[in-house]
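Peer 1: I'd like to ask you about the structure that follows.
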Amino acid sequence: MSLDERMVVAREERLSLRDLRHWVREGWIRPATGERGPVFDEVDFARVRLVCDLRKDMALPSDALPVVLNLIDRLHQTRRDLACLAAAVDGQPDHVRAAILSAFRARMEGEAD
């Protein structure tokens with residue numbers, strides 16, 4: 001689903017058009033660019049809601065927001081990377097998966113010490 005600026009503002013009551021445009025200028029929200037301006041997809045809208053939560057509900061200062069968004073982005077990338085790694089390991093023969101699991105457990109026990 002594609003949304004323009006006014007549709008995004010209509011769907012999110014905590015948001016003004018001015019705030020949305022500011023957040024896009026700051027790079028906190030990164031919509032695609034269409035013929036008539038920014039085009040927001042569901043992922044963009046979810047991020048708009050996240051920024052509303054952080055700014056409006058939790059009163060996170062503007063200077064802290066990029067740090068928090070960067071950490072969230074890195075966490076999501078790590079989750080995607082781990083899912084790819086898990087799929088790659090899952091595709092290996094049983095003895096290879098067992099060796100990886102054994103090495104992983106040994107590594108985790110070593111860090112617990």
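A note on labels: chains of the structure tokens are A, B, ... as shown, every chain counts residues from 1, and ligands are counted from 1 in their shown order.
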Per DSSP on the backbone, filter chain A down to the residues in helix (DSSP H, G or I) and report them as a ChimeraX atom specification.
Peer 2: /A:5-11,17-26,42-57,65-90,94-112
Peer 1: Extract, using only C-alpha atoms, all DNA, RNA and protein residues at most 10 Å from Leu69 (chain A), discarding same-chain residues fewer than 2 positions from it, and format them as a ChimeraX atom specification.
Peer 2: /A:28-29,47,50-51,54,64-67,71-75
Peer 1: Those same residues - C-alpha atoms - I'd like them written as a PDB file, in the first residue's frame.
Peer 2:
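What ended up in part_36.pdb:
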```pdb
ATOM      1  CA  TRP A  28      14.396   9.714  10.411  1.00  0.00           C
ATOM      2  CA  ILE A  29      11.802   8.569   7.872  1.00  0.00           C
ATOM      3  CA  ARG A  47       8.627   3.914  11.474  1.00  0.00           C
ATOM      4  CA  LEU A  50       7.789   4.486  16.189  1.00  0.00           C
ATOM      5  CA  VAL A  51       9.041   8.076  15.938  1.00  0.00           C
ATOM      6  CA  LEU A  54       9.594   8.103  20.917  1.00  0.00           C
ATOM      7  CA  ALA A  64      18.891  11.451  21.035  1.00  0.00           C
ATOM      8  CA  LEU A  65      16.470  10.217  18.387  1.00  0.00           C
ATOM      9  CA  PRO A  66      19.057   9.454  15.665  1.00  0.00           C
ATOM     10  CA  VAL A  67      21.049   7.390  18.162  1.00  0.00           C
ATOM     11  CA  LEU A  71      20.416   1.216  17.428  1.00  0.00           C
ATOM     12  CA  ILE A  72      16.984  -0.095  16.435  1.00  0.00           C
ATOM     13  CA  ASP A  73      18.074  -0.319  12.784  1.00  0.00           C
ATOM     14  CA  ARG A  74      21.218  -2.210  13.787  1.00  0.00           C
ATOM     15  CA  LEU A  75      19.184  -4.586  15.949  1.00  0.00           C
TER      16      LEU A  75
END
```
Peer 1: Set out as a tab-separated table a contact list for region 52-95 of chain A and region 4-17 of chain A with a cut-off of 12 Å, giving each residue of region 52-95 of chain A that qualifies its closest atom pair and distance in Å to one decimal, counting only C-alpha atoms, ordered by chain and rising residue number.
Peer 2:
```
residue	atom	partner	partner_atom	distance
A:Cys52	CA	A:Arg14	CA	6.7
A:Asp53	CA	A:Arg14	CA	9.0
A:Leu54	CA	A:Arg14	CA	11.5
A:Arg55	CA	A:Arg14	CA	10.0
A:Lys56	CA	A:Arg14	CA	7.4
A:Asp57	CA	A:Arg14	CA	9.2
```
Peer 1: Once you have the residues from the selection above, write them out as a PDB file, in the first residue's frame, restricted to N, CA, C and O atoms.
Peer 2:
```pdb
ATOM      1  N   CYS A  52       6.729   8.667  16.453  1.00  0.00           N
ATOM      2  CA  CYS A  52       5.684   9.277  17.284  1.00  0.00           C
ATOM      3  C   CYS A  52       5.769   8.757  18.718  1.00  0.00           C
ATOM      4  O   CYS A  52       5.673   9.547  19.671  1.00  0.00           O
ATOM      5  N   ASP A  53       5.939   7.466  18.872  1.00  0.00           N
ATOM      6  CA  ASP A  53       6.070   6.891  20.212  1.00  0.00           C
ATOM      7  C   ASP A  53       7.248   7.526  20.953  1.00  0.00           C
ATOM      8  O   ASP A  53       7.118   7.933  22.112  1.00  0.00           O
ATOM      9  N   LEU A  54       8.378   7.590  20.278  1.00  0.00           N
ATOM     10  CA  LEU A  54       9.594   8.103  20.917  1.00  0.00           C
ATOM     11  C   LEU A  54       9.517   9.601  21.210  1.00  0.00           C
ATOM     12  O   LEU A  54       9.891  10.057  22.292  1.00  0.00           O
ATOM     13  N   ARG A  55       9.058  10.371  20.226  1.00  0.00           N
ATOM     14  CA  ARG A  55       9.030  11.828  20.374  1.00  0.00           C
ATOM     15  C   ARG A  55       7.828  12.304  21.183  1.00  0.00           C
ATOM     16  O   ARG A  55       7.978  13.117  22.087  1.00  0.00           O
ATOM     17  N   LYS A  56       6.662  11.820  20.824  1.00  0.00           N
ATOM     18  CA  LYS A  56       5.432  12.360  21.413  1.00  0.00           C
ATOM     19  C   LYS A  56       5.106  11.704  22.754  1.00  0.00           C
ATOM     20  O   LYS A  56       4.787  12.392  23.715  1.00  0.00           O
ATOM     21  N   ASP A  57       5.162  10.380  22.816  1.00  0.00           N
ATOM     22  CA  ASP A  57       4.752   9.676  24.034  1.00  0.00           C
ATOM     23  C   ASP A  57       5.874   9.594  25.070  1.00  0.00           C
ATOM     24  O   ASP A  57       5.626   9.692  26.264  1.00  0.00           O
TER      25      ASP A  57
END
```
Peer 1: Leaving out Val24 (chain A) and any residue of its chain fewer than 2 positions from it, which residues lie within 12 Å of it when counting only C-alpha atoms, given as a list in words?
Peer 2: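 The residues that qualify are Glu5, Leu17, Arg18, Asp19, Leu20, Arg21, His22, Glu26, Gly27, Trp28, Ile29, Arg30, Pro31, Ala32, Thr33, Gly37, Pro38, Val39, Phe40, Asp44, Phe45, Arg47, Val48 and Val51 of chain A.
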Peer 1: Taking the DSSP secondary structure from the backbone, can you list the residues of chain A that are strand (DSSP E), as a list in words?
Peer 2: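 In chain A, DSSP puts these residues in strand (DSSP E): Ala32, Thr33, Gly34, Gly37, Pro38 and Val39 of chain A.
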Peer 1: Rank nothing, just name the residue among A:Ala112, A:Met58, A:Ile100, A:Arg36 nearest to Ala86 (chain A), using only C-alpha atoms.
Peer 2: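 Among the listed residues, the smallest separation from Ala86 (chain A) belongs to A:Ile100.
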